[in-house]
>>> print(open('structure-v1.pdb').read())   # PDB, C-alpha atoms
ATOM      1  CA  MET H   1     104.766  90.141 129.910
ATOM      2  CA  LYS H   2     101.686  92.163 129.054
ATOM      3  CA  LYS H   3     101.106  92.762 125.354
ATOM      4  CA  PRO H   4     100.973  96.421 124.264
ATOM      5  CA  ASN H   5      97.625  97.799 123.103
ATOM      6  CA  LEU H   6      97.617  98.527 119.376
ATOM      7  CA  GLY H   7      94.988 100.835 117.948
ATOM      8  CA  PHE H   8      94.375  99.248 114.540
ATOM      9  CA  ALA H   9      92.607 101.888 112.441
ATOM     10  CA  MET H  10      91.341 101.026 108.982
ATOM     11  CA  CYS H  11      90.265 103.466 106.265
ATOM     12  CA  ALA H  12      88.361 102.794 103.051
ATOM     13  CA  SER H  13      91.143 101.804 100.666
ATOM     14  CA  PHE H  14      89.096  98.773  99.750
ATOM     15  CA  CYS H  15      91.642  97.120  97.442
ATOM     16  CA  THR H  16      94.157  96.844 100.327
ATOM     17  CA  ILE H  17      91.790  95.734 103.122
ATOM     18  CA  GLU H  18      92.642  92.049 102.746
ATOM     19  CA  ASN H  19      96.362  92.856 103.203
ATOM     20  CA  ALA H  20      95.503  94.765 106.386
ATOM     21  CA  ILE H  21      93.403  91.904 107.737
ATOM     22  CA  LEU H  22      96.219  89.420 107.092
ATOM     23  CA  GLN H  23      98.583  91.646 109.083
ATOM     24  CA  ALA H  24      96.039  92.024 111.893
ATOM     25  CA  LYS H  25      96.007  88.234 112.291
ATOM     26  CA  LYS H  26      99.804  88.181 112.603
ATOM     27  CA  LEU H  27      99.893  91.159 114.965
ATOM     28  CA  THR H  28      97.629  89.452 117.526
ATOM     29  CA  GLU H  29     100.674  87.410 118.557
ATOM     30  CA  ASN H  30     102.390  90.518 119.942
ATOM     31  CA  TYR H  31      99.613  93.065 120.505
ATOM     32  CA  ASN H  32      96.141  93.430 121.949
ATOM     33  CA  ILE H  33      94.294  94.933 119.001
ATOM     34  CA  LEU H  34      91.659  97.644 119.348
ATOM     35  CA  PRO H  35      89.970  98.008 115.926
ATOM     36  CA  ILE H  36      88.998 101.502 114.797
ATOM     37  CA  LEU H  37      87.034 101.585 111.540
ATOM     38  CA  SER H  38      86.244 104.560 109.347
ATOM     39  CA  GLU H  39      82.626 105.315 108.667
ATOM     40  CA  ASN H  40      83.214 104.955 104.906
ATOM     41  CA  LEU H  41      84.726 101.530 105.376
ATOM     42  CA  ILE H  42      81.811 100.030 107.282
ATOM     43  CA  LYS H  43      78.954 101.634 105.349
ATOM     44  CA  ASN H  44      80.085 100.722 101.820
ATOM     45  CA  ASN H  45      80.041  97.478  99.880
ATOM     46  CA  THR H  46      82.480  97.029  97.003
ATOM     47  CA  ARG H  47      83.830  94.268  94.813
ATOM     48  CA  PHE H  48      86.446  93.800  97.551
ATOM     49  CA  GLY H  49      83.873  93.039 100.238
ATOM     50  CA  GLU H  50      80.983  94.267 102.304
ATOM     51  CA  GLY H  51      81.729  96.849 104.962
ATOM     52  CA  ILE H  52      79.818  95.066 107.711
ATOM     53  CA  LYS H  53      81.620  91.782 106.926
ATOM     54  CA  ILE H  54      84.985  93.534 107.187
ATOM     55  CA  LYS H  55      83.916  94.876 110.589
ATOM     56  CA  GLU H  56      82.859  91.393 111.734
ATOM     57  CA  LYS H  57      86.149  89.901 110.493
ATOM     58  CA  ILE H  58      88.387  92.370 112.336
ATOM     59  CA  GLU H  59      86.310  92.061 115.507
ATOM     60  CA  LYS H  60      86.673  88.277 115.390
ATOM     61  CA  ILE H  61      90.444  88.534 114.865
ATOM     62  CA  SER H  62      90.948  91.110 117.610
ATOM     63  CA  LYS H  63      88.340  89.732 120.009
ATOM     64  CA  ASN H  64      87.318  93.367 120.573
ATOM     65  CA  LYS H  65      84.344  95.454 119.508
ATOM     66  CA  ALA H  66      85.343  97.980 116.863
ATOM     67  CA  ILE H  67      85.274 101.690 117.568
ATOM     68  CA  ILE H  68      83.136 103.177 114.807
ATOM     69  CA  SER H  69      82.249 106.737 115.836
ATOM     70  CA  ILE H  70      83.892 110.026 116.755
ATOM     71  CA  ILE H  71      82.314 109.826 120.221
ATOM     72  CA  GLU H  72      83.817 106.374 120.859
ATOM     73  CA  SER H  73      87.266 107.351 119.598
ATOM     74  CA  GLU H  74      87.708 110.604 121.550
ATOM     75  CA  PRO H  75      88.710 108.949 124.891
ATOM     76  CA  ILE H  76      91.510 106.851 123.325
ATOM     77  CA  GLY H  77      94.294 109.234 124.424
ATOM     78  CA  PRO H  78      92.982 110.491 127.768
ATOM     79  CA  GLN H  79      92.038 106.971 128.899
ATOM     80  CA  SER H  80      95.339 105.528 127.625
ATOM     81  CA  MET H  81      93.516 102.912 125.545
ATOM     82  CA  THR H  82      96.433 102.468 123.120
ATOM     83  CA  ASP H  83     100.205 102.275 123.432
ATOM     84  CA  ILE H  84     100.794 102.607 119.699
ATOM     85  CA  MET H  85      98.462 103.192 116.762
ATOM     86  CA  LEU H  86      98.520 101.924 113.188
ATOM     87  CA  ILE H  87      96.372 103.141 110.313
ATOM     88  CA  ALA H  88      96.315 100.321 107.756
ATOM     89  CA  PRO H  89      95.273 101.185 105.182
ATOM     90  CA  CYS H  90      95.409 104.963 105.410
ATOM     91  CA  THR H  91      93.834 106.787 102.480
ATOM     92  CA  GLY H  92      95.168 110.007 101.012
ATOM     93  CA  ASN H  93      91.993 111.686 102.265
ATOM     94  CA  SER H  94      92.629 110.624 105.866
ATOM     95  CA  LEU H  95      96.310 111.574 105.631
ATOM     96  CA  ALA H  96      95.320 115.055 104.420
ATOM     97  CA  LYS H  97      93.006 115.474 107.398
ATOM     98  CA  ILE H  98      95.594 114.162 109.878
ATOM     99  CA  SER H  99      98.305 116.462 108.520
ATOM    100  CA  ARG H 100      95.954 119.447 108.991
ATOM    101  CA  ALA H 101      94.474 118.384 112.360
ATOM    102  CA  ILE H 102      90.969 117.866 110.941
ATOM    103  CA  THR H 103      88.977 115.515 113.153
ATOM    104  CA  ASP H 104      85.707 114.835 111.360
ATOM    105  CA  THR H 105      85.875 111.021 111.242
ATOM    106  CA  CYS H 106      86.318 108.202 113.708
ATOM    107  CA  VAL H 107      89.868 107.500 112.500
ATOM    108  CA  THR H 108      91.013 111.130 112.519
ATOM    109  CA  MET H 109      89.605 111.676 116.018
ATOM    110  CA  ALA H 110      91.258 108.469 117.248
ATOM    111  CA  THR H 111      94.539 109.683 115.758
ATOM    112  CA  LYS H 112      94.268 113.132 117.323
ATOM    113  CA  SER H 113      93.363 111.644 120.695
ATOM    114  CA  HIS H 114      96.265 109.169 120.538
ATOM    115  CA  LEU H 115      98.811 111.803 119.435
ATOM    116  CA  ARG H 116      97.596 114.190 122.143
ATOM    117  CA  VAL H 117      99.374 111.990 124.695
ATOM    118  CA  GLN H 118     102.505 111.793 122.506
ATOM    119  CA  LYS H 119     102.407 108.138 121.557
ATOM    120  CA  PRO H 120     103.613 106.772 118.190
ATOM    121  CA  LEU H 121     101.352 106.626 115.148
ATOM    122  CA  VAL H 122     102.333 104.445 112.173
ATOM    123  CA  ILE H 123     100.757 105.187 108.802
ATOM    124  CA  CYS H 124     100.408 102.444 106.197
ATOM    125  CA  LEU H 125      99.491 104.575 103.185
ATOM    126  CA  ALA H 126      97.576 103.496 100.083
ATOM    127  CA  THR H 127      96.675 106.328  97.709
ATOM    128  CA  ASN H 128      96.621 106.945  93.978
ATOM    129  CA  ASP H 129      97.885 110.528  94.327
ATOM    130  CA  ALA H 130     100.791 110.124  96.758
ATOM    131  CA  LEU H 131     103.344 111.480  94.286
ATOM    132  CA  GLY H 132     100.949 114.230  93.259
ATOM    133  CA  ALA H 133      98.529 116.201  95.403
ATOM    134  CA  SER H 134      99.100 114.073  98.525
ATOM    135  CA  PHE H 135     102.883 114.418  98.572
ATOM    136  CA  GLU H 136     102.663 117.663 100.549
ATOM    137  CA  ASN H 137     100.714 115.783 103.247
ATOM    138  CA  ILE H 138     103.280 112.980 103.357
ATOM    139  CA  SER H 139     106.120 115.468 103.857
ATOM    140  CA  LYS H 140     104.161 117.377 106.499
ATOM    141  CA  ALA H 141     103.395 114.170 108.423
ATOM    142  CA  LEU H 142     107.020 113.006 108.151
ATOM    143  CA  ASN H 143     108.044 116.234 109.833
ATOM    144  CA  THR H 144     105.561 115.762 112.698
ATOM    145  CA  LYS H 145     106.648 114.285 116.024
ATOM    146  CA  HIS H 146     105.382 110.787 116.774
ATOM    147  CA  ILE H 147     104.247 110.045 113.180
ATOM    148  CA  PHE H 148     105.985 107.257 111.280
ATOM    149  CA  PHE H 149     105.393 105.558 107.929
ATOM    150  CA  VAL H 150     105.495 101.984 106.708
ATOM    151  CA  PRO H 151     107.815 101.868 103.645
ATOM    152  CA  MET H 152     106.009 102.604 100.359
ATOM    153  CA  LYS H 153     106.459 101.779  96.705
ATOM    154  CA  GLN H 154     104.782 102.509  93.408
ATOM    155  CA  ASP H 155     102.225  99.783  92.803
ATOM    156  CA  SER H 156     101.674 100.420  89.067
ATOM    157  CA  PRO H 157     104.107 103.069  87.770
ATOM    158  CA  ASN H 158     102.981 102.897  84.145
ATOM    159  CA  LEU H 159      99.225 102.955  84.745
ATOM    160  CA  LYS H 160      99.164 105.024  87.943
ATOM    161  CA  PRO H 161     102.403 107.040  88.072
ATOM    162  CA  ASN H 162     101.418 108.992  91.220
ATOM    163  CA  SER H 163     100.229 105.990  93.216
ATOM    164  CA  LEU H 164     102.042 104.618  96.283
ATOM    165  CA  VAL H 165     101.100 101.663  98.453
ATOM    166  CA  ALA H 166     102.835 100.726 101.667
ATOM    167  CA  ASP H 167     104.515  97.338 101.970
ATOM    168  CA  PHE H 168     102.087  95.698 104.408
ATOM    169  CA  GLU H 169     104.658  92.987 105.217
ATOM    170  CA  MET H 170     106.819  95.716 106.796
ATOM    171  CA  ILE H 171     104.154  96.693 109.352
ATOM    172  CA  PRO H 172     105.565  94.616 112.262
ATOM    173  CA  LYS H 173     109.072  96.059 111.852
ATOM    174  CA  ALA H 174     107.726  99.603 111.384
ATOM    175  CA  LEU H 175     105.718  99.261 114.616
ATOM    176  CA  GLU H 176     108.691  97.855 116.510
ATOM    177  CA  LEU H 177     110.941 100.744 115.474
ATOM    178  CA  ALA H 178     108.277 103.428 115.964
ATOM    179  CA  ALA H 179     107.847 102.221 119.552
ATOM    180  CA  SER H 180     111.494 103.254 119.989
ATOM    181  CA  ASN H 181     110.893 106.551 118.159
ATOM    182  CA  ILE H 182     112.711 105.405 114.983
ATOM    183  CA  GLN H 183     111.434 105.734 111.418
ATOM    184  CA  ILE H 184     112.069 102.530 109.448
ATOM    185  CA  GLN H 185     114.284 103.107 106.406
ATOM    186  CA  PRO H 186     114.126 103.411 103.501
ATOM    187  CA  ILE H 187     110.697 105.056 103.450
ATOM    188  CA  PHE H 188     110.417 104.831  99.658
ATOM    189  CA  LYS H 189     111.419 101.615  97.923
TER     190      LYS H 189
END
>>> encode(input="structure-v1.pdb", output="structure tokens")
Amino acid sequence: MKKPNLGFAMCASFCTIENAILQAKKLTENYNILPILSENLIKNNTRFGEGIKIKEKIEKISKNKAIISIIESEPIGPQSMTDIMLIAPCTGNSLAKISRAITDTCVTMATKSHLRVQKPLVICLATNDALGASFENISKALNTKHIFFVPMKQDSPNLKPNSLVADFEMIPKALELAASNIQIQPIFK
């Protein structure tokens, strides 16, 4: 059987990139991966890695050239380039834009294009203000057709009480259920 095409979008939550890359390796068993990388991810170097090296790593894993511009990501929906899309990690900034239909980055345009043809989008959130300013965006996205979340938990409740990070190990199950239009439960651990 033909593997489904997974749009694997990555935003600049640098401290969770390695978790996303580990999941990408596992997901190649069941999906053809099309990497979609945010401009901020590939142009910045941090203590967690160099942007260009992250790009090279995901391209090697997926065996596909990464989409890195708005122009490249626009045809994703109309050309049926993806069957399902995952944003891992998804920053609070990108979630805010997605929940308000703002398409000023590669990842947000890819998301809009993919959702335009009513296919499932799975968000693997990592943000320090999820239980604060970003909570409105989480609730708005949860109430939007075809958007699903990977289960989340507080990563450091005492030091960062508003922070939530998705459980990256739950990505395969979240994708499987989203393909059947089901939100994995519980959403908050």
>>> residues_around(input="structure-v1.pdb", residues="segment 77-81 of chain H", least_positions_apart="5", cutoff="6 Å", atoms="all atoms listed in the file", output="list in words")
Ser113, His114 and Val117 of chain H
>>> residues_around(input="structure-v1.pdb", residues="segment 123-132 of chain H", least_positions_apart="3", cutoff="7 Å", atoms="only C-alpha atoms", output="JSON, numbers by chain")
{"H": [13, 86, 87, 88, 89, 90, 91, 92, 135, 148, 149, 150, 160, 162, 163, 164, 165, 166]}
>>> closest_residue(input="structure-v1.pdb", among="H:Ile187, H:Met170, H:Leu37, H:Met10", to="Gln154 of chain H", atoms="all atoms listed in the file")
H:Ile187
>>> residues_around(input="structure-v1.pdb", residues="Tyr31 of chain H", least_positions_apart="6", cutoff="10 Å", atoms="only C-alpha atoms", output="ChimeraX atom specification")
/H:2-7,24,62,83-84
>>> resolve_selection(input="structure-v1.pdb", expression="the PyMOL selection byres ((chain H and resi 20) around 10)", output="tab-separated table (two decimals) with C-alpha atoms, keeping the file's coordinate frame")
chain	number	residue	atom	x	y	z
H	8	PHE	CA	94.38	99.25	114.54
H	9	ALA	CA	92.61	101.89	112.44
H	10	MET	CA	91.34	101.03	108.98
H	16	THR	CA	94.16	96.84	100.33
H	17	ILE	CA	91.79	95.73	103.12
H	18	GLU	CA	92.64	92.05	102.75
H	19	ASN	CA	96.36	92.86	103.20
H	21	ILE	CA	93.40	91.90	107.74
H	22	LEU	CA	96.22	89.42	107.09
H	23	GLN	CA	98.58	91.65	109.08
H	24	ALA	CA	96.04	92.02	111.89
H	25	LYS	CA	96.01	88.23	112.29
H	58	ILE	CA	88.39	92.37	112.34
H	87	ILE	CA	96.37	103.14	110.31
H	88	ALA	CA	96.32	100.32	107.76
H	89	PRO	CA	95.27	101.18	105.18
H	124	CYS	CA	100.41	102.44	106.20
H	168	PHE	CA	102.09	95.70	104.41
H	169	GLU	CA	104.66	92.99	105.22
H	171	ILE	CA	104.15	96.69	109.35
>>> resolve_selection(input="structure-v1.pdb", expression="the PyMOL selection byres ((chain H and resi 145) around 12)", output="PyMOL selection string")
chain H and resi 99+115-122+140-144+146-149+178+181-183
>>> closest_residue(input="structure-v1.pdb", among="H:Ala110, H:Met152, H:Ile102, H:Ile61", to="Pro75 of chain H", atoms="all atoms listed in the file")
H:Ala110
>>> atom_distance(input="structure-v1.pdb", atom1="atom CA of Ile54 of chain H", atom2="atom CA of Cys15 of chain H")
12.3 Å
>>> atom_distance(input="structure-v1.pdb", atom1="atom CA of Glu74 of chain H", atom2="atom CA of Thr105 of chain H")
10.5 Å
>>> atom_distance(input="structure-v1.pdb", atom1="atom CA of Leu175 of chain H", atom2="atom CA of Thr108 of chain H")
19.0 Å
>>> closest_residue(input="structure-v1.pdb", among="H:Ser73, H:Ser156, H:Thr82, H:Ser180", to="Ile33 of chain H", atoms="all atoms listed in the file")
H:Thr82
>>> closest_residue(input="structure-v1.pdb", among="H:Pro172, H:Ile184, H:Cys106, H:Ser139", to="Ile71 of chain H", atoms="only C-alpha atoms")
H:Cys106
>>> closest_residue(input="structure-v1.pdb", among="H:Thr28, H:Val107, H:Ala12, H:Lys112", to="Asn45 of chain H", atoms="all atoms listed in the file")
H:Ala12
>>> closest_residue(input="structure-v1.pdb", among="H:Thr46, H:Asn30, H:Ser69, H:Gln185", to="Asp104 of chain H", atoms="only C-alpha atoms")
H:Ser69
